[in-house]
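**Q** Next comes the structure file final06.csv, holding CSV, C-alpha atoms.
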chain,number,residue,atom,x,y,z
I,1,MET,CA,0.0,0.0,0.0
I,2,ALA,CA,1.4,3.4,-0.9
I,3,ALA,CA,2.6,5.6,1.9
I,4,VAL,CA,0.4,8.5,3.0
I,5,ARG,CA,2.2,11.8,2.4
I,6,GLY,CA,2.3,14.5,5.0
I,7,PRO,CA,-0.5,17.0,4.3
I,8,ARG,CA,-0.1,20.6,3.1
I,9,ARG,CA,-1.8,23.1,5.4
I,10,ARG,CA,-3.9,24.5,2.5
I,11,ASP,CA,-5.1,21.0,1.5
I,12,VAL,CA,-6.2,20.4,5.1
I,13,LEU,CA,-8.1,23.6,5.4
I,14,VAL,CA,-9.8,23.2,2.0
I,15,GLY,CA,-10.7,19.7,2.9
I,16,ALA,CA,-12.1,20.7,6.2
I,17,ALA,CA,-14.3,23.4,4.6
I,18,ALA,CA,-15.6,20.9,2.1
I,19,ILE,CA,-16.6,18.4,4.8
I,20,GLY,CA,-18.2,20.9,7.1
I,21,VAL,CA,-19.2,18.2,9.7
I,22,GLY,CA,-17.9,16.7,12.9
I,23,ALA,CA,-16.0,13.5,13.8
I,24,ALA,CA,-13.6,11.7,16.2
I,25,ALA,CA,-10.0,10.4,15.8
I,26,GLY,CA,-6.9,9.4,17.7
I,27,VAL,CA,-3.2,10.3,17.6
I,28,ALA,CA,0.1,10.1,19.5
I,29,GLY,CA,2.2,12.8,21.3
I,30,VAL,CA,4.2,15.9,20.9
I,31,ARG,CA,7.0,16.9,23.3
I,32,LEU,CA,10.2,18.9,23.5
I,33,ASN,CA,13.4,17.1,24.4
I,34,GLU,CA,14.8,20.2,26.0
I,35,ARG,CA,16.3,20.7,29.4
I,36,LEU,CA,15.3,23.5,31.7
I,37,THR,CA,17.8,26.3,31.2
I,38,GLU,CA,18.4,29.2,33.6
I,39,ALA,CA,18.0,31.6,30.7
I,40,ALA,CA,14.6,30.4,29.7
I,41,PRO,CA,11.7,32.7,30.6
I,42,LEU,CA,9.5,31.4,33.4
I,43,GLY,CA,6.6,30.4,31.3
I,44,GLN,CA,8.8,28.6,28.8
I,45,GLN,CA,10.6,26.5,31.3
I,46,ARG,CA,10.2,22.8,30.6
I,47,ARG,CA,11.1,19.8,32.7
I,48,GLU,CA,13.0,17.1,31.0
I,49,ALA,CA,10.7,14.6,29.3
I,50,ASN,CA,11.0,10.9,28.6
I,51,ASP,CA,11.8,9.2,25.3
I,52,ALA,CA,10.0,11.0,22.5
I,53,SER,CA,8.3,7.8,21.3
I,54,LEU,CA,6.2,7.7,24.5
I,55,PRO,CA,3.5,10.2,25.5
I,56,PRO,CA,5.1,13.6,26.2
I,57,GLY,CA,3.3,14.1,29.5
I,58,LEU,CA,3.8,10.5,30.8
I,59,GLY,CA,5.6,10.6,34.1
I,60,VAL,CA,5.7,14.4,34.2
I,61,GLU,CA,3.6,15.7,37.0
I,62,SER,CA,1.7,18.4,35.2
I,63,ALA,CA,-0.7,20.4,37.4
I,64,HIS,CA,-3.6,20.5,34.8
I,65,ALA,CA,-5.0,18.1,32.2
I,66,VAL,CA,-7.9,18.0,29.8
I,67,PHE,CA,-8.8,14.7,28.2
I,68,ILE,CA,-10.9,15.2,25.0
I,69,GLY,CA,-12.7,12.4,23.3
I,70,LEU,CA,-13.7,13.0,19.7
I,71,ASP,CA,-15.8,11.1,17.2
I,72,LEU,CA,-15.0,11.1,13.5
I,73,ALA,CA,-17.3,12.5,10.9
I,74,PRO,CA,-19.4,9.8,9.1
I,75,GLY,CA,-17.7,8.8,5.9
I,76,LEU,CA,-14.4,10.4,6.8
I,77,GLU,CA,-11.8,8.6,4.7
I,78,ARG,CA,-8.3,7.5,5.6
I,79,ASP,CA,-6.5,10.3,3.6
I,80,ARG,CA,-8.6,12.9,5.4
I,81,ILE,CA,-7.9,11.3,8.8
I,82,ALA,CA,-4.2,11.5,7.9
I,83,SER,CA,-4.6,15.2,7.0
I,84,LEU,CA,-6.3,15.9,10.3
I,85,LEU,CA,-3.5,14.2,12.3
I,86,GLY,CA,-0.9,16.1,10.4
I,87,LEU,CA,-2.7,19.4,11.0
I,88,LEU,CA,-3.1,18.7,14.7
I,89,HIS,CA,0.5,17.5,15.1
I,90,ASP,CA,1.7,20.8,13.5
I,91,ASP,CA,-0.4,22.8,15.9
I,92,ALA,CA,0.8,20.8,18.9
I,93,THR,CA,4.4,21.1,17.9
I,94,ARG,CA,4.1,24.9,17.7
I,95,LEU,CA,2.2,25.3,20.9
I,96,THR,CA,4.6,23.2,23.0
I,97,GLN,CA,7.5,25.3,21.6
I,98,GLY,CA,5.8,28.5,22.7
I,99,ALA,CA,4.9,29.5,19.1
I,100,ALA,CA,1.4,30.3,17.9
I,101,PRO,CA,-0.2,27.9,15.3
I,102,ILE,CA,-0.9,29.3,11.9
I,103,GLY,CA,-4.2,31.3,12.1
I,104,ASP,CA,-4.0,31.8,15.9
I,105,GLN,CA,-5.8,35.0,16.6
I,106,GLU,CA,-4.5,35.2,20.1
I,107,PRO,CA,-0.8,34.4,19.5
I,108,GLU,CA,0.3,36.0,22.8
I,109,LEU,CA,-1.5,33.2,24.7
I,110,ALA,CA,1.0,30.7,23.2
I,111,GLU,CA,4.1,32.4,24.4
I,112,GLN,CA,4.2,30.9,27.9
I,113,PRO,CA,3.7,27.1,27.4
I,114,ALA,CA,4.6,26.2,31.0
I,115,ASN,CA,5.4,22.5,30.4
I,116,LEU,CA,2.7,22.1,27.9
I,117,ALA,CA,2.4,18.6,26.3
I,118,VAL,CA,-0.1,17.1,23.8
I,119,THR,CA,-0.7,13.4,23.5
I,120,PHE,CA,-2.8,11.8,20.8
I,121,GLY,CA,-4.6,8.4,21.1
I,122,PHE,CA,-6.4,6.2,18.6
I,123,GLY,CA,-9.7,4.6,19.6
I,124,PRO,CA,-10.9,1.3,18.1
I,125,GLY,CA,-13.2,3.1,15.6
I,126,LEU,CA,-10.3,5.1,14.1
I,127,VAL,CA,-8.1,2.1,13.5
I,128,GLU,CA,-11.0,0.2,12.0
I,129,ARG,CA,-11.5,3.0,9.4
I,130,VAL,CA,-7.8,3.2,8.5
I,131,ASN,CA,-6.6,-0.4,8.7
I,132,PRO,CA,-8.9,-3.0,10.4
I,133,ALA,CA,-6.4,-5.8,10.1
I,134,ALA,CA,-3.9,-3.7,12.2
I,135,ARG,CA,-6.2,-3.3,15.3
I,136,PRO,CA,-4.7,-5.2,18.3
I,137,GLU,CA,-7.2,-7.4,20.2
I,138,TRP,CA,-6.8,-5.3,23.3
I,139,LEU,CA,-7.9,-2.2,21.5
I,140,ALA,CA,-11.6,-2.5,22.4
I,141,GLN,CA,-13.9,-1.5,25.2
I,142,LEU,CA,-13.2,-3.1,28.6
I,143,PRO,CA,-15.3,-6.0,29.7
I,144,ALA,CA,-18.2,-5.1,32.0
I,145,PHE,CA,-17.4,-5.0,35.7
I,146,SER,CA,-20.0,-5.4,38.4
I,147,ILE,CA,-19.2,-2.0,40.0
I,148,ASP,CA,-19.6,0.0,36.7
I,149,ALA,CA,-22.4,2.5,36.2
I,150,LEU,CA,-21.0,3.8,32.9
I,151,GLU,CA,-22.5,6.8,31.1
I,152,ASP,CA,-22.2,7.2,27.4
I,153,HIS,CA,-21.2,10.8,27.6
I,154,TRP,CA,-18.0,9.9,29.5
I,155,SER,CA,-17.1,6.8,27.6
I,156,GLU,CA,-15.5,5.5,24.4
I,157,GLY,CA,-14.3,7.8,21.6
I,158,GLU,CA,-12.3,7.5,18.3
I,159,LEU,CA,-9.7,10.1,18.8
I,160,LEU,CA,-8.1,11.3,22.0
I,161,LEU,CA,-6.5,14.7,22.6
I,162,LEU,CA,-4.7,14.9,26.0
I,163,VAL,CA,-3.4,18.3,26.8
I,164,THR,CA,-1.4,18.7,30.0
I,165,GLY,CA,0.6,21.6,31.5
I,166,ASP,CA,1.3,23.7,34.6
I,167,ASP,CA,-0.6,26.8,33.5
I,168,PRO,CA,-4.4,26.5,33.0
I,169,LEU,CA,-4.4,29.4,30.6
I,170,ALA,CA,-1.9,27.7,28.3
I,171,VAL,CA,-3.8,24.4,28.5
I,172,ALA,CA,-7.1,26.2,27.7
I,173,HIS,CA,-5.6,28.0,24.7
I,174,ALA,CA,-4.0,24.8,23.4
I,175,GLN,CA,-7.2,22.8,23.5
I,176,ARG,CA,-9.1,25.6,21.8
I,177,MET,CA,-6.6,25.8,19.0
I,178,LEU,CA,-6.7,22.0,18.5
I,179,LEU,CA,-10.4,21.8,18.6
I,180,LYS,CA,-10.9,24.7,16.1
I,181,ASP,CA,-8.9,22.8,13.5
I,182,ALA,CA,-10.6,19.5,14.3
I,183,ARG,CA,-14.2,20.7,14.3
I,184,ALA,CA,-14.7,20.3,10.6
I,185,TYR,CA,-13.7,16.6,10.9
I,186,THR,CA,-15.0,15.7,14.3
I,187,THR,CA,-17.6,16.1,17.0
I,188,ILE,CA,-16.7,16.4,20.7
I,189,ARG,CA,-17.9,13.3,22.6
I,190,TRP,CA,-16.5,14.4,26.0
I,191,GLN,CA,-14.1,16.8,27.7
I,192,GLN,CA,-12.8,15.8,31.1
I,193,GLN,CA,-10.7,18.3,33.1
I,194,GLY,CA,-8.4,17.3,35.9
I,195,PHE,CA,-5.9,18.8,38.3
I,196,ARG,CA,-3.1,17.8,40.6
I,197,ASN,CA,-0.8,19.8,42.9
I,198,ALA,CA,0.5,23.0,41.4
I,199,HIS,CA,4.1,22.8,40.1
I,200,GLY,CA,6.4,23.7,43.0
I,201,VAL,CA,4.0,22.9,45.8
I,202,ALA,CA,5.6,19.5,46.5
I,203,LYS,CA,9.0,18.1,45.9
I,204,PRO,CA,9.6,16.4,42.5
I,205,ALA,CA,8.5,12.7,42.4
I,206,THR,CA,6.2,13.2,45.4
I,207,THR,CA,3.2,10.9,45.2
I,208,GLN,CA,0.1,13.0,44.6
I,209,ARG,CA,-3.0,12.9,46.7
I,210,ASN,CA,-6.6,12.3,45.6
I,211,LEU,CA,-9.7,14.0,47.1
I,212,PHE,CA,-10.0,11.2,49.6
I,213,GLY,CA,-6.8,12.5,51.0
I,214,GLN,CA,-4.8,9.3,50.2
I,215,LEU,CA,-1.5,9.1,48.3
I,216,ASP,CA,-2.4,7.8,44.9
I,217,GLY,CA,0.3,6.0,42.9
I,218,THR,CA,2.8,4.7,45.5
I,219,SER,CA,3.6,1.5,43.7
I,220,ASN,CA,4.2,3.1,40.3
I,221,PRO,CA,7.2,2.0,38.4
I,222,ILE,CA,9.7,4.8,38.1
I,223,PRO,CA,10.1,6.5,34.7
I,224,GLY,CA,13.4,5.9,33.1
I,225,THR,CA,13.9,2.5,34.7
I,226,ASP,CA,13.9,-0.9,33.0
I,227,GLU,CA,10.8,-1.8,35.0
I,228,PHE,CA,9.0,1.3,33.6
I,229,GLU,CA,9.9,0.3,30.1
I,230,THR,CA,8.7,-3.3,30.6
I,231,VAL,CA,5.4,-2.1,32.0
I,232,VAL,CA,4.6,0.7,29.6
I,233,ARG,CA,6.3,0.2,26.2
I,234,ILE,CA,4.9,-1.9,23.4
I,235,THR,CA,7.7,-4.0,22.0
I,236,GLU,CA,5.8,-6.2,19.4
I,237,PRO,CA,6.7,-5.4,15.8
I,238,GLY,CA,4.1,-3.2,14.0
I,239,TRP,CA,2.8,0.3,13.9
I,240,LEU,CA,2.5,0.5,17.7
I,241,GLN,CA,6.0,-0.7,18.4
I,242,GLY,CA,7.6,1.9,20.8
I,243,GLY,CA,4.2,3.3,21.8
I,244,THR,CA,1.8,2.4,24.7
I,245,SER,CA,-1.9,2.2,25.6
I,246,LEU,CA,-4.1,4.3,27.8
I,247,VAL,CA,-7.1,3.2,29.8
I,248,LEU,CA,-9.1,6.2,31.1
I,249,ARG,CA,-11.7,5.6,33.8
I,250,ARG,CA,-13.8,8.3,35.3
I,251,ILE,CA,-14.4,7.4,38.9
I,252,GLU,CA,-17.1,9.2,40.9
I,253,MET,CA,-16.1,9.6,44.6
I,254,ASN,CA,-18.8,10.0,47.2
I,255,LEU,CA,-17.2,12.5,49.6
I,256,GLU,CA,-20.4,13.0,51.6
I,257,THR,CA,-20.5,9.4,52.8
I,258,TRP,CA,-16.7,9.3,53.1
I,259,ASP,CA,-17.0,12.1,55.6
I,260,GLU,CA,-19.0,9.7,57.8
I,261,VAL,CA,-16.0,7.4,58.2
I,262,ASP,CA,-13.4,8.0,61.0
I,263,ARG,CA,-9.7,7.9,60.3
I,264,PRO,CA,-9.1,4.3,61.4
I,265,GLY,CA,-11.9,3.2,59.2
I,266,ARG,CA,-10.5,5.0,56.2
I,267,GLU,CA,-7.1,3.6,56.7
I,268,ALA,CA,-8.4,0.1,57.1
I,269,SER,CA,-10.3,0.5,53.8
I,270,VAL,CA,-7.2,1.7,52.0
I,271,GLY,CA,-4.7,-0.5,53.9
I,272,ARG,CA,-2.3,2.5,54.3
I,273,ARG,CA,-1.9,5.4,56.7
I,274,LEU,CA,-3.3,8.5,55.3
I,275,ASP,CA,-0.6,10.8,56.5
I,276,THR,CA,2.5,9.0,55.3
I,277,GLY,CA,1.1,6.5,52.8
I,278,ALA,CA,2.9,3.8,54.7
I,279,PRO,CA,1.2,0.3,54.7
I,280,LEU,CA,-0.4,-0.5,58.0
I,281,THR,CA,2.4,-2.9,58.7
I,282,GLY,CA,5.2,-0.3,57.9
I,283,THR,CA,6.6,3.1,58.7
I,284,HIS,CA,7.4,4.7,55.3
I,285,GLU,CA,5.4,5.1,52.1
I,286,HIS,CA,7.4,2.6,50.1
I,287,ASP,CA,7.7,-0.1,52.7
I,288,GLU,CA,6.6,-3.4,51.4
I,289,PRO,CA,3.2,-4.4,52.9
I,290,ASP,CA,3.1,-7.5,55.0
I,291,PHE,CA,-0.2,-9.2,54.2
I,292,GLU,CA,0.5,-12.1,56.6
I,293,ALA,CA,1.0,-9.9,59.7
I,294,VAL,CA,-1.8,-10.4,62.3
I,295,THR,CA,-3.1,-8.5,65.3
I,296,PRO,CA,-3.0,-10.0,68.9
I,297,GLN,CA,-6.6,-11.1,68.2
I,298,GLY,CA,-5.5,-13.1,65.2
I,299,PHE,CA,-6.9,-10.8,62.4
I,300,THR,CA,-4.7,-9.7,59.5
I,301,VAL,CA,-3.4,-6.1,60.1
I,302,ILE,CA,-4.1,-5.3,56.4
I,303,ASN,CA,-7.7,-6.4,55.6
I,304,ALA,CA,-7.9,-8.9,52.8
I,305,ALA,CA,-10.5,-6.7,51.1
I,306,SER,CA,-8.5,-3.4,51.5
I,307,HIS,CA,-7.6,-1.5,48.4
I,308,VAL,CA,-3.9,-2.1,48.7
I,309,ARG,CA,-4.3,-5.8,49.0
I,310,ARG,CA,-6.8,-6.2,46.1
I,311,SER,CA,-4.8,-4.0,43.8
I,312,ARG,CA,-1.5,-5.7,44.5
I,313,PRO,CA,-0.9,-8.5,41.9
I,314,ASP,CA,0.7,-11.8,42.8
I,315,ASP,CA,1.6,-12.0,39.1
I,316,PRO,CA,4.5,-9.5,38.5
I,317,SER,CA,3.4,-9.0,34.9
I,318,GLN,CA,0.2,-7.4,36.0
I,319,ARG,CA,1.6,-3.9,36.5
I,320,ILE,CA,0.5,-0.5,35.3
I,321,PHE,CA,1.7,3.0,35.4
I,322,ARG,CA,-1.1,5.2,36.9
I,323,GLN,CA,-1.3,8.9,36.3
I,324,PRO,CA,-4.5,10.1,37.9
I,325,TYR,CA,-6.0,13.6,38.0
I,326,ASN,CA,-8.7,14.9,40.3
I,327,TYR,CA,-11.9,16.6,39.2
I,328,ASP,CA,-14.2,18.8,41.2
I,329,LEU,CA,-17.3,20.3,39.6
I,330,PRO,CA,-20.1,22.6,40.8
I,331,VAL,CA,-23.0,20.8,42.4
I,332,SER,CA,-26.3,21.2,40.4
I,333,PRO,CA,-29.5,21.8,42.4
I,334,ALA,CA,-32.0,18.9,42.4
I,335,ALA,CA,-34.9,19.2,40.0
I,336,GLY,CA,-37.2,22.0,41.0
I,337,GLU,CA,-34.9,23.4,43.7
I,338,ASP,CA,-33.1,26.7,43.5
I,339,ALA,CA,-30.2,25.9,45.8
I,340,VAL,CA,-28.3,23.1,47.5
I,341,GLY,CA,-28.4,23.1,51.3
I,342,GLY,CA,-29.7,21.6,54.4
I,343,GLN,CA,-28.4,18.9,56.8
I,344,GLY,CA,-26.8,16.1,54.8
I,345,ALA,CA,-27.0,17.9,51.5
I,346,GLN,CA,-24.6,17.0,48.7
I,347,VAL,CA,-21.9,19.7,48.5
I,348,SER,CA,-19.4,17.8,46.3
I,349,ASN,CA,-19.4,16.5,42.7
I,350,SER,CA,-15.9,15.1,42.7
I,351,GLY,CA,-13.8,12.2,41.6
I,352,LEU,CA,-10.8,10.9,39.8
I,353,LEU,CA,-9.7,10.7,36.2
I,354,PHE,CA,-7.8,7.4,36.5
I,355,ALA,CA,-5.3,7.2,33.6
I,356,SER,CA,-3.5,3.9,33.3
I,357,PHE,CA,-0.7,3.3,30.9
I,358,GLN,CA,0.5,-0.2,30.0
I,359,ALA,CA,1.7,-2.2,27.1
I,360,ASN,CA,-1.4,-4.5,27.0
I,361,PRO,CA,-4.6,-3.6,28.9
I,362,THR,CA,-6.0,-7.1,28.6
I,363,LEU,CA,-3.1,-8.7,30.3
I,364,GLN,CA,-2.1,-5.9,32.7
I,365,TYR,CA,-5.1,-3.6,33.6
I,366,VAL,CA,-8.1,-5.9,33.3
I,367,PRO,CA,-7.0,-8.5,35.9
I,368,ILE,CA,-6.3,-5.8,38.5
I,369,GLN,CA,-9.7,-4.1,37.8
I,370,GLN,CA,-11.5,-7.5,38.1
I,371,ARG,CA,-10.0,-8.1,41.5
I,372,LEU,CA,-11.1,-4.6,42.6
I,373,ALA,CA,-14.6,-5.2,41.2
I,374,ASP,CA,-14.9,-8.5,43.0
I,375,ALA,CA,-13.9,-7.2,46.5
I,376,ASP,CA,-12.5,-3.8,47.4
I,377,LEU,CA,-13.6,-1.9,50.5
I,378,LEU,CA,-13.3,1.4,48.6
I,379,ASN,CA,-16.1,0.4,46.3
I,380,THR,CA,-18.4,1.6,49.0
I,381,TRP,CA,-17.4,5.2,48.1
I,382,THR,CA,-16.4,5.0,44.4
I,383,THR,CA,-18.3,4.3,41.2
I,384,PRO,CA,-16.8,4.1,37.7
I,385,ILE,CA,-19.0,6.2,35.4
I,386,GLY,CA,-16.8,6.5,32.3
I,387,SER,CA,-14.4,4.2,30.4
I,388,ALA,CA,-12.3,4.4,27.3
I,389,VAL,CA,-9.3,2.6,25.7
I,390,PHE,CA,-6.8,4.2,23.3
I,391,ALA,CA,-3.7,3.1,21.5
I,392,ILE,CA,-0.9,5.7,21.9
I,393,PRO,CA,1.4,5.3,18.8
I,394,PRO,CA,4.9,6.7,18.5
I,395,VAL,CA,5.6,9.5,16.1
I,396,THR,CA,6.8,7.9,12.9
I,397,GLY,CA,7.0,10.2,9.9
I,398,ASP,CA,5.0,13.4,9.6
I,399,PHE,CA,2.5,12.7,12.4
I,400,PRO,CA,1.9,10.2,15.2
I,401,GLY,CA,0.8,6.8,14.0
I,402,GLN,CA,1.7,7.4,10.3
I,403,ALA,CA,2.9,3.8,10.3
I,404,LEU,CA,-0.7,2.7,10.6
I,405,PHE,CA,-1.5,4.4,7.3
I,406,ASP,CA,1.6,3.1,5.6
I,407,ALA,CA,1.0,-0.6,6.6
Translate the structure described by the file into structure tokens.
**A**
Amino acid sequence: MAAVRGPRRRDVLVGAAAIGVGAAAGVAGVRLNERLTEAAPLGQQRREANDASLPPGLGVESAHAVFIGLDLAPGLERDRIASLLGLLHDDATRLTQGAAPIGDQEPELAEQPANLAVTFGFGPGLVERVNPAARPEWLAQLPAFSIDALEDHWSEGELLLLVTGDDPLAVAHAQRMLLKDARAYTTIRWQQQGFRNAHGVAKPATTQRNLFGQLDGTSNPIPGTDEFETVVRITEPGWLQGGTSLVLRRIEMNLETWDEVDRPGREASVGRRLDTGAPLTGTHEHDEPDFEAVTPQGFTVINAASHVRRSRPDDPSQRIFRQPYNYDLPVSPAAGEDAVGGQGAQVSNSGLLFASFQANPTLQYVPIQQRLADADLLNTWTTPIGSAVFAIPPVTGDFPGQALFDA
């Protein structure tokens, strides 16, 4: 099959005008392999990133993120999808470098990227349109879990745009520029905004906290290590070699009923101390849990149904790299009510955007999630309401995932 050539900007814009409808697609990532220099202006400082073939924000603790799921326009053909990806890749490259994309009417907003990164992901539908024979078996929606209460408007999608950075203004501007160029080809299926600690609040490599107050990601493999490479990077020959996969789960957290649990009860549910993150059998966050230790009464110190026990695999191949973001939205009044108030009223609409990166979701993520669905004390206060799976291809050629089109 003939290789798909990189698009010209004029061809893309003319094609977009001709289509005039919406759609969804998926891509890989754009990053800068630059080190932070003392001479760099504050807004243009960038922390060193990982290998360019992996997502640019992976392992970098950006303060803000927006996950955007798009659906492709009906009938959008593979050459137009390639043009779209080339256009978006060009925009993302400019934005992460602190330069305005062509046609940016607010170019000053692009001058301070503040660790901006853009990652593209392909959903099952996009791969099916381009090259059905090249879709890996794991690139499909996850199996149903008993704890799920999934909502369509937070699930699935054909193209993922993931924009991360330390400045919400830069992130907002970047997502608008990308969506303006994508709107003739796609429709927005969902936008999910998340946040973590602001850059500089905590020491580098500090485990972030979620809105339950617990440290989230203690057992992550460390970026740059052989373990990280084994967990995250796809090594099989093909268009995804050198890339990875993303499972995104939107998890609603019931903070109102969590408030009713005392600290010992919370720690028993998690299996870790809330202040230090140490397992209940240890002193420091990264101490190995002792699941066999018992109390004087003969009960295990760490409950067999605690989150740390259920999420800890006995099979060492069942590992993931988790990079979660919190969300906290305004509370909407109940139907017919003008305000939210009164004893026991809901005052939080909060949760977690759980992003899991791994080489193969079926072999790595699904077994962990199944154990959690079968028995996890935290299920009392958490409900998955969104789910999506994306392939994150490396940049090969003029845009991420071009090897899929050339195959």
**Q** Please determine the residues with any atom at most 12 Å from (-3.3, -8.7, 62.2) (coordinates as given in the file, with all atoms listed in the file counting) and report them as a ChimeraX atom specification.
**A** /I:268,271,280-281,290-304
**Q** Taking C-alpha atoms for each residue, export the selection above as a PDB file, keeping the file's coordinate frame.
**A**
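The resulting file, again_12.pdb, is reproduced below:
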ATOM      1  CA  ALA I 268      -8.400   0.100  57.100  1.00  0.00           C
ATOM      2  CA  GLY I 271      -4.700  -0.500  53.900  1.00  0.00           C
ATOM      3  CA  LEU I 280      -0.400  -0.500  58.000  1.00  0.00           C
ATOM      4  CA  THR I 281       2.400  -2.900  58.700  1.00  0.00           C
ATOM      5  CA  ASP I 290       3.100  -7.500  55.000  1.00  0.00           C
ATOM      6  CA  PHE I 291      -0.200  -9.200  54.200  1.00  0.00           C
ATOM      7  CA  GLU I 292       0.500 -12.100  56.600  1.00  0.00           C
ATOM      8  CA  ALA I 293       1.000  -9.900  59.700  1.00  0.00           C
ATOM      9  CA  VAL I 294      -1.800 -10.400  62.300  1.00  0.00           C
ATOM     10  CA  THR I 295      -3.100  -8.500  65.300  1.00  0.00           C
ATOM     11  CA  PRO I 296      -3.000 -10.000  68.900  1.00  0.00           C
ATOM     12  CA  GLN I 297      -6.600 -11.100  68.200  1.00  0.00           C
ATOM     13  CA  GLY I 298      -5.500 -13.100  65.200  1.00  0.00           C
ATOM     14  CA  PHE I 299      -6.900 -10.800  62.400  1.00  0.00           C
ATOM     15  CA  THR I 300      -4.700  -9.700  59.500  1.00  0.00           C
ATOM     16  CA  VAL I 301      -3.400  -6.100  60.100  1.00  0.00           C
ATOM     17  CA  ILE I 302      -4.100  -5.300  56.400  1.00  0.00           C
ATOM     18  CA  ASN I 303      -7.700  -6.400  55.600  1.00  0.00           C
ATOM     19  CA  ALA I 304      -7.900  -8.900  52.800  1.00  0.00           C
TER      20      ALA I 304
END
**Q** Determine, for each residue of region 146-178 of chain I having at least one atom at most 9 Å from an atom of region 248-261 of chain I, the closest pair of atoms and their separation in Å to one decimal, counting all atoms listed in the file; order by chain and ascending number, as a tab-separated table.
**A**
residue	atom	partner	partner_atom	distance
I:Leu150	CA	I:Arg250	CA	8.8
I:Trp154	CA	I:Arg250	CA	7.3
I:Ser155	CA	I:Arg249	CA	8.3
**Q** Kindly give the distance, in Å, that separates CA of Gln214 (chain I) and CA of Leu274 (chain I), rounded to a single decimal.
**A**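 Taking CA of Gln214 (chain I) as the start and CA of Leu274 (chain I) as the end point, the length is 5.4 Å.
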**Q** Could you please determine the separation between CA of Ile102 (chain I) and CA of Arg176 (chain I) in Å, to one decimal place?
**A** 13.4 Å
**Q** In Å, rounded to a single decimal, give me how far CA of Ala359 (chain I) is from CA of Thr225 (chain I).
**A**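 One can read the CA of Thr225 (chain I) to CA of Ala359 (chain I) distance as 15.1 Å.
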**Q** Select, from I:Pro56, I:Gly86, I:Pro289, I:Pro393, the residue with the minimum atom-to-atom distance to Gln241 (chain I), counting only C-alpha atoms.
**A**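 The answer is I:Pro393, which sits nearest to Gln241 (chain I).
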**Q** Using the incomplete input, complete region 233-244 of chain I to the level of N, CA and C atoms; output as a CSV table (one decimal), keeping the file's coordinate frame.
**A**
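Result file follows (rebuild21.csv):
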chain,number,residue,atom,x,y,z
I,233,ARG,N,6.0,0.2,27.7
I,233,ARG,CA,6.3,0.2,26.2
I,233,ARG,C,5.9,-1.0,25.5
I,234,ILE,N,5.2,-0.8,24.3
I,234,ILE,CA,4.9,-1.9,23.4
I,234,ILE,C,6.1,-2.3,22.6
I,235,THR,N,6.4,-3.6,22.6
I,235,THR,CA,7.7,-4.0,22.0
I,235,THR,C,7.4,-4.9,20.7
I,236,GLU,N,6.1,-5.4,20.6
I,236,GLU,CA,5.8,-6.2,19.4
I,236,GLU,C,6.0,-5.4,18.1
I,237,PRO,N,6.5,-6.1,17.1
I,237,PRO,CA,6.7,-5.4,15.8
I,237,PRO,C,5.3,-4.9,15.2
I,238,GLY,N,5.3,-3.8,14.6
I,238,GLY,CA,4.1,-3.2,14.0
I,238,GLY,C,4.0,-1.7,14.2
I,239,TRP,N,2.9,-1.2,13.8
I,239,TRP,CA,2.8,0.3,13.9
I,239,TRP,C,2.8,0.8,15.3
I,240,LEU,N,2.5,0.0,16.3
I,240,LEU,CA,2.5,0.5,17.7
I,240,LEU,C,3.8,0.2,18.4
I,241,GLN,N,4.8,-0.4,17.8
I,241,GLN,CA,6.0,-0.7,18.4
I,241,GLN,C,6.7,0.6,18.9
I,242,GLY,N,7.0,0.7,20.2
I,242,GLY,CA,7.6,1.9,20.8
I,242,GLY,C,6.5,2.8,21.5
I,243,GLY,N,5.3,2.5,21.2
I,243,GLY,CA,4.2,3.3,21.8
I,243,GLY,C,3.7,2.6,23.1
I,244,THR,N,2.4,2.9,23.4
I,244,THR,CA,1.8,2.4,24.7
I,244,THR,C,0.3,2.4,24.5
